[in-house]
Structures are given as structure tokens and as C-alpha cells.
Amino acid sequence: MASYDFRAQRLFVDVPLREAEQVALGREQAHYVLNVLRLDEKSPILAFNGRDGEWLARLVRSGKRDAALLPERRTRDQTSPGDLHYLFAPLKQARLDYLVQKAVEMGASAIRPVLTRHTQVSRVNRERMLANVIEAAEQCGVLSVPDVLEEVRLDSLLEGWDASRLLVFCDEDAEVADPLEALRAAAPAPISLIVGPEGGFSAEERDRLLRLPHVLRLSLGPRILRADTAAVAALALVQAVRGDWKG
């Protein structure tokens, strides 16, 4: 039996959480708990803010449309976030929503859109990305909410690259066919994973990536994967070998 109760309602609140210190909900969150979830006065909610752990709180009504939470006890201590940055060429909206949600579930600590030559989308709605991050964290028991960084062009990203980080990018021409072997052989370092657009990186972009001092090409096998599928596959490989899946 799972040790975590996934049936409990969870709510992200971007304010400090302390025992017996009431937290007022904004109008949208109050509407959500009162009219969408239809919770009653004193209904239990698990509240978290990405800093103070998870708290069992009770719903307090303070008017027809207003509500607050009253934290009673901490149910889980705050976990330290990992150090896995997920960089991606943005996709069209529905698939972008999916990709962001999966990155949260897979343990990314930072998420950043990267515009490449063959990227299908030129602008990204950061507020919508943030909403998807919070929704995924609420639904999946996540305590450490990843940072959502502003979009950046690939050439600008690489110009200011932190050489202490290992940049992993998916490449069908990787020298090592076994992705697990390739990840195990790489020197210890914090990881940034970048997944390109469905048209792939251009030849110039690929050459620029390969000139970085600390880069690893990762094979994802013999099949052509859609960008959102490749993202989940690559994140799973990294977490299994170098992340918090390895125990």
C-alpha cells in the first residue's frame, strides 16, 4: 500500500506556513476550493509553498466568497530540491502543457524554454507554464516546485554557459549507443538536459553544442520520438542513473 494519500486535496500557497497562523486565499483560490472542489468549513487540505514542507490545514470561511486556511500540523518536512535543469524547444500549446507537467513529475528543479532555429513557437506564455507547474505539483505530491525561467535563444544560452554543469542533449549519432552506459561514464556534475525541436538542431547549433567543454550526447534508441516523448524518456534515463531514482 502506498504511504502517501493521493486522495487528499493539495493546494499551493505562495506565503509562509506556520502552525495556527491563518493564511488568506486569493479570490481565484477561494473560488476553486469553495465552488469547484465544494469543500465545507473545516474541510482538511494539504497546503505547501515549496519552502516550509506540507501542512494539514483546515478551511475557514470568512464570507460568501472569501476563505482562508488554518495550518494545524506539518505532515512532511521540506525536501531539498534536486539539481536537474530541463531545457527544451517549446511546442504548440497542448503538448507544451503536457511537457511541462511531466518535467515537474520527473523531478526537474528548473524549466526553461529555449528558442532554436527550427522551433515551432516563437513566444511562450510563462504564466500558463507556471500554472501547469503548480497543478502538477499539487496533483503529484511534489514539495519542491521547480523554477520556471524566461525563454532564451540557444545562442545566448550557450554564450553564458556555466562550464561546471554537464549539458546532456539527445542525439541519434551519439558515440555510445547505450544511454545508461554513457551517463554512468560521464564525470560527476550537476546536469542540464536539453531536448531540441521536432526538426532537430541545425548543423550549426549541433556543432556549437559539441564545442562546449562539458557535454554529453545521449542516444534514445532506434526509433524517432516526438519531442514530448523524448523529454520524458531522457528525464527518466537521467534520473535513473544520475538523479534521485538511483537510491
# chains A, B, ... in the order shown; residues from 1 in each chain; ligands from 1
>>> residues_around(residues="Arg51 (chain A)", least_positions_apart="3", cutoff="12 Å", atoms="only C-alpha atoms", output="list of chain:residue names")
A:Phe12, A:Val13, A:Asp14, A:Val15, A:Pro16, A:Leu17, A:Arg18, A:Ala47, A:Phe48, A:Glu54, A:Trp55, A:Arg76, A:Asp77, A:Gln78, A:Thr79, A:Ser80, A:Pro81, A:Val142, A:Leu143, A:Ser144, A:Val145, A:Pro146
>>> write_last_selection(atoms="C-alpha atoms", output="PDB file, in the first residue's frame")
ATOM      1  CA  PHE A  12      -0.034  25.533  -3.316  1.00  0.00           C
ATOM      2  CA  VAL A  13       0.083  28.858  -1.463  1.00  0.00           C
ATOM      3  CA  ASP A  14       2.920  31.305  -2.025  1.00  0.00           C
ATOM      4  CA  VAL A  15       3.055  32.550   1.570  1.00  0.00           C
ATOM      5  CA  PRO A  16       4.790  31.289   4.758  1.00  0.00           C
ATOM      6  CA  LEU A  17       3.127  28.338   6.501  1.00  0.00           C
ATOM      7  CA  ARG A  18       3.257  28.151  10.293  1.00  0.00           C
ATOM      8  CA  ALA A  47      -1.042  23.049   1.910  1.00  0.00           C
ATOM      9  CA  PHE A  48       2.523  23.614   0.677  1.00  0.00           C
ATOM     10  CA  GLU A  54       3.499  20.233   3.713  1.00  0.00           C
ATOM     11  CA  TRP A  55       0.837  21.128   6.282  1.00  0.00           C
ATOM     12  CA  ARG A  76       6.018  16.310   5.681  1.00  0.00           C
ATOM     13  CA  ASP A  77       9.261  18.196   6.118  1.00  0.00           C
ATOM     14  CA  GLN A  78      10.521  20.199   3.177  1.00  0.00           C
ATOM     15  CA  THR A  79      12.703  18.163   0.848  1.00  0.00           C
ATOM     16  CA  SER A  80      15.809  19.594  -0.775  1.00  0.00           C
ATOM     17  CA  PRO A  81      15.283  20.205  -4.487  1.00  0.00           C
ATOM     18  CA  VAL A 142       5.652  17.356  -5.129  1.00  0.00           C
ATOM     19  CA  LEU A 143       7.095  19.600  -2.404  1.00  0.00           C
ATOM     20  CA  SER A 144       9.912  21.398  -4.245  1.00  0.00           C
ATOM     21  CA  VAL A 145       8.314  23.415  -7.032  1.00  0.00           C
ATOM     22  CA  PRO A 146      10.695  23.954  -9.974  1.00  0.00           C
TER      23      PRO A 146
END
>>> closest_residue(among="A:Asp178, A:Asp244, A:Glu198, A:Glu41", to="Pro222 (chain A)", atoms="only C-alpha atoms")
A:Asp178
>>> closest_residue(among="A:Ile224, A:Pro190, A:Trp161, A:Leu183", to="Ala240 (chain A)", atoms="only C-alpha atoms")
A:Leu183
>>> closest_residue(among="A:Gly196, A:Arg7, A:Ala230, A:Val121", to="Gln93 (chain A)", atoms="only C-alpha atoms")
A:Val121
>>> select_by_dssp(residues="region 22-222 of chain A", states="helix (DSSP H, G or I)", output="PyMOL selection string")
chain A and resi 27-36+93-105+126-140+154-159+179-185+203-210
>>> closest_residue(among="A:Leu115, A:Ala163, A:Val36, A:Ala110", to="Ser202 (chain A)", atoms="only C-alpha atoms")
A:Leu115
>>> select_by_dssp(residues="region 7-142 of chain A", states="strand (DSSP E or B)", output="ChimeraX atom specification")
/A:10-12,23-24,44-48,54-61,67-76,84-88,110-115
>>> residues_around(residues="Leu130 (chain A)", least_positions_apart="4", cutoff="9 Å", atoms="only C-alpha atoms", output="short mmCIF file (atom, residue, chain, number, x, y, z; two decimals) with N, CA and C atoms, in the first residue's frame")
data_model
loop_
_atom_site.label_atom_id
_atom_site.label_comp_id
_atom_site.auth_asym_id
_atom_site.auth_seq_id
_atom_site.Cartn_x
_atom_site.Cartn_y
_atom_site.Cartn_z
N VAL A 100 5.52 20.31 -19.77
CA VAL A 100 5.83 20.99 -18.51
C VAL A 100 5.36 20.16 -17.33
N ASN A 125 3.93 31.45 -23.22
CA ASN A 125 3.13 32.04 -22.15
C ASN A 125 3.66 31.53 -20.81
N ARG A 126 4.50 32.35 -20.16
CA ARG A 126 5.13 31.91 -18.91
C ARG A 126 4.10 31.72 -17.80
N ILE A 134 2.38 24.34 -11.09
CA ILE A 134 1.70 24.27 -9.79
C ILE A 134 0.65 23.16 -9.78
N GLU A 135 -0.11 23.04 -10.87
CA GLU A 135 -1.12 21.98 -10.94
C GLU A 135 -0.48 20.60 -10.83
N ASP A 147 11.69 26.05 -10.59
CA ASP A 147 11.69 27.42 -11.12
C ASP A 147 11.30 27.37 -12.59
N VAL A 148 10.53 28.35 -13.01
CA VAL A 148 10.17 28.50 -14.41
C VAL A 148 10.90 29.74 -14.92
#
>>> closest_residue(among="A:Asp97, A:Cys140, A:Leu154, A:Ala233", to="Glu127 (chain A)", atoms="only C-alpha atoms")
A:Asp97
>>> closest_residue(among="A:Gly199, A:Asn49, A:Asp207, A:Glu181", to="Ser219 (chain A)", atoms="only C-alpha atoms")
A:Glu181
>>> residues_around(residues="Trp245 (chain A)", least_positions_apart="4", cutoff="12 Å", atoms="only C-alpha atoms", output="list in words")
Gly82, Met106, Gly107, Leu235, Ala236, Leu237, Val238, Gln239, Ala240 and Val241 of chain A
>>> write_last_selection(atoms="N, CA and C atoms", output="PDB file, in the first residue's frame")
ATOM      1  N   GLY A  82      16.284  18.811  -6.189  1.00  0.00           N
ATOM      2  CA  GLY A  82      17.396  18.260  -6.942  1.00  0.00           C
ATOM      3  C   GLY A  82      18.091  19.369  -7.722  1.00  0.00           C
ATOM      4  N   MET A 106       8.790  14.405 -13.146  1.00  0.00           N
ATOM      5  CA  MET A 106      10.063  13.695 -13.267  1.00  0.00           C
ATOM      6  C   MET A 106      11.183  14.314 -12.443  1.00  0.00           C
ATOM      7  N   GLY A 107      10.879  15.396 -11.721  1.00  0.00           N
ATOM      8  CA  GLY A 107      11.852  15.917 -10.761  1.00  0.00           C
ATOM      9  C   GLY A 107      12.757  17.021 -11.253  1.00  0.00           C
ATOM     10  N   LEU A 235      14.508  12.346 -19.417  1.00  0.00           N
ATOM     11  CA  LEU A 235      14.442  12.661 -17.986  1.00  0.00           C
ATOM     12  C   LEU A 235      14.475  11.383 -17.153  1.00  0.00           C
ATOM     13  N   ALA A 236      13.786  10.343 -17.626  1.00  0.00           N
ATOM     14  CA  ALA A 236      13.791   9.073 -16.895  1.00  0.00           C
ATOM     15  C   ALA A 236      15.194   8.467 -16.865  1.00  0.00           C
ATOM     16  N   LEU A 237      15.895   8.521 -17.975  1.00  0.00           N
ATOM     17  CA  LEU A 237      17.255   7.976 -18.023  1.00  0.00           C
ATOM     18  C   LEU A 237      18.184   8.733 -17.074  1.00  0.00           C
ATOM     19  N   VAL A 238      18.121  10.044 -17.105  1.00  0.00           N
ATOM     20  CA  VAL A 238      18.982  10.849 -16.241  1.00  0.00           C
ATOM     21  C   VAL A 238      18.679  10.592 -14.772  1.00  0.00           C
ATOM     22  N   GLN A 239      17.409  10.538 -14.416  1.00  0.00           N
ATOM     23  CA  GLN A 239      17.050  10.301 -13.019  1.00  0.00           C
ATOM     24  C   GLN A 239      17.437   8.895 -12.568  1.00  0.00           C
ATOM     25  N   ALA A 240      17.350   7.924 -13.465  1.00  0.00           N
ATOM     26  CA  ALA A 240      17.683   6.545 -13.104  1.00  0.00           C
ATOM     27  C   ALA A 240      19.161   6.367 -12.830  1.00  0.00           C
ATOM     28  N   VAL A 241      20.007   7.086 -13.568  1.00  0.00           N
ATOM     29  CA  VAL A 241      21.452   6.881 -13.459  1.00  0.00           C
ATOM     30  C   VAL A 241      22.124   7.932 -12.575  1.00  0.00           C
TER      31      VAL A 241
END
>>> residues_around(residues="Leu149 (chain A)", least_positions_apart="6", cutoff="8 Å", atoms="only C-alpha atoms", output="PyMOL selection string")
chain A and resi 110-113
>>> write_last_selection(atoms="N, CA and C atoms", output="compact mmCIF listing (two decimals), in the first residue's frame")
# COMPACT_ATOMS: atom_id res chain seq x y z
N ALA A 110 14.46 23.12 -12.45
CA ALA A 110 14.27 24.35 -13.22
C ALA A 110 13.83 23.97 -14.62
N ILE A 111 12.95 24.77 -15.20
CA ILE A 111 12.39 24.53 -16.52
C ILE A 111 12.57 25.80 -17.34
N ARG A 112 13.12 25.64 -18.55
CA ARG A 112 13.37 26.85 -19.36
C ARG A 112 13.15 26.57 -20.84
N PRO A 113 12.31 27.36 -21.50
CA PRO A 113 12.16 27.24 -22.95
C PRO A 113 13.38 27.83 -23.66
